[in-house]
Amino acid sequence: MPIGNSLGINNVRKLIRRVSRCDYPVIIRGETGVGKTLTARIIHLASFRKDRTFFHLGCSNIPSELFESELFGHEKGAFTEAIERKKGKVELAEGGTLLLDKRRKRK
């Protein structure tokens, strides 16, 4: 759980407890460096999914033309470089957690 004893941190703790008991997608928003990835991992570890896979997909590192294939997979021959079937992250994370991180590349 987040460390601290401010009203804001206490509210984050309450939200983590609440959403970790739900079976719904969660959107975590905030400025760079506030701990969104850490919060996602804490929610995962506090949930019924804790024994399943946690995938962290850095979306900004994937070229736009390959993003759909990375997320949903592809069949052999679907495009020139598709020499074999590949499972996508959604399928691989089945029953676990898939964190889609839109973090921008550093310049």
# chains A, B, ... in the order shown; residues from 1 in each chain; ligands from 1
$ residues_around --residues "Val12 in chain A" --least-positions-apart "6" --cutoff "12 Å" --atoms "only C-alpha atoms" --output "number ranges by chain"
A: 1-6, 18-20, 28, 34-36, 38-40, 42-43
$ residues_around --residues "range 88-103 of chain A" --least-positions-apart "2" --cutoff "6 Å" --atoms "only C-alpha atoms" --output "ChimeraX atom specification"
/A:49,52-60,70-73
$ write_last_selection --atoms "N, CA and C atoms" --output "PDB file, in the first residue's frame"
ATOM      1  N   ARG A  49      -7.010 -11.837  -8.620  1.00  0.00           N
ATOM      2  CA  ARG A  49      -6.107 -12.149  -9.737  1.00  0.00           C
ATOM      3  C   ARG A  49      -4.649 -12.285  -9.300  1.00  0.00           C
ATOM      4  N   ARG A  52      -2.360 -14.766 -10.794  1.00  0.00           N
ATOM      5  CA  ARG A  52      -2.333 -14.787 -12.261  1.00  0.00           C
ATOM      6  C   ARG A  52      -1.289 -13.801 -12.775  1.00  0.00           C
ATOM      7  N   THR A  53      -1.143 -13.761 -14.080  1.00  0.00           N
ATOM      8  CA  THR A  53      -0.137 -12.929 -14.732  1.00  0.00           C
ATOM      9  C   THR A  53      -0.459 -11.437 -14.623  1.00  0.00           C
ATOM     10  N   PHE A  54       0.586 -10.633 -14.452  1.00  0.00           N
ATOM     11  CA  PHE A  54       0.498  -9.176 -14.537  1.00  0.00           C
ATOM     12  C   PHE A  54       1.363  -8.770 -15.731  1.00  0.00           C
ATOM     13  N   PHE A  55       0.721  -8.292 -16.796  1.00  0.00           N
ATOM     14  CA  PHE A  55       1.439  -7.830 -17.988  1.00  0.00           C
ATOM     15  C   PHE A  55       1.470  -6.314 -17.989  1.00  0.00           C
ATOM     16  N   HIS A  56       2.651  -5.755 -18.182  1.00  0.00           N
ATOM     17  CA  HIS A  56       2.820  -4.308 -18.323  1.00  0.00           C
ATOM     18  C   HIS A  56       3.232  -4.057 -19.770  1.00  0.00           C
ATOM     19  N   LEU A  57       2.336  -3.475 -20.540  1.00  0.00           N
ATOM     20  CA  LEU A  57       2.590  -3.217 -21.958  1.00  0.00           C
ATOM     21  C   LEU A  57       2.852  -1.730 -22.161  1.00  0.00           C
ATOM     22  N   GLY A  58       4.083  -1.398 -22.504  1.00  0.00           N
ATOM     23  CA  GLY A  58       4.447  -0.013 -22.797  1.00  0.00           C
ATOM     24  C   GLY A  58       4.013   0.349 -24.208  1.00  0.00           C
ATOM     25  N   CYS A  59       2.860   0.937 -24.325  1.00  0.00           N
ATOM     26  CA  CYS A  59       2.238   1.194 -25.636  1.00  0.00           C
ATOM     27  C   CYS A  59       3.046   2.144 -26.513  1.00  0.00           C
ATOM     28  N   SER A  60       3.749   3.074 -25.921  1.00  0.00           N
ATOM     29  CA  SER A  60       4.487   4.052 -26.727  1.00  0.00           C
ATOM     30  C   SER A  60       5.675   3.422 -27.442  1.00  0.00           C
ATOM     31  N   GLU A  70       0.088  -6.770 -31.507  1.00  0.00           N
ATOM     32  CA  GLU A  70       0.677  -6.949 -30.176  1.00  0.00           C
ATOM     33  C   GLU A  70      -0.409  -7.163 -29.125  1.00  0.00           C
ATOM     34  N   LEU A  71      -1.481  -6.421 -29.243  1.00  0.00           N
ATOM     35  CA  LEU A  71      -2.562  -6.493 -28.263  1.00  0.00           C
ATOM     36  C   LEU A  71      -3.425  -7.741 -28.438  1.00  0.00           C
ATOM     37  N   PHE A  72      -3.799  -8.046 -29.685  1.00  0.00           N
ATOM     38  CA  PHE A  72      -4.751  -9.133 -29.940  1.00  0.00           C
ATOM     39  C   PHE A  72      -4.138 -10.365 -30.600  1.00  0.00           C
ATOM     40  N   GLY A  73      -2.879 -10.298 -30.998  1.00  0.00           N
ATOM     41  CA  GLY A  73      -2.235 -11.429 -31.638  1.00  0.00           C
ATOM     42  C   GLY A  73      -2.500 -11.467 -33.133  1.00  0.00           C
TER      43      GLY A  73
END
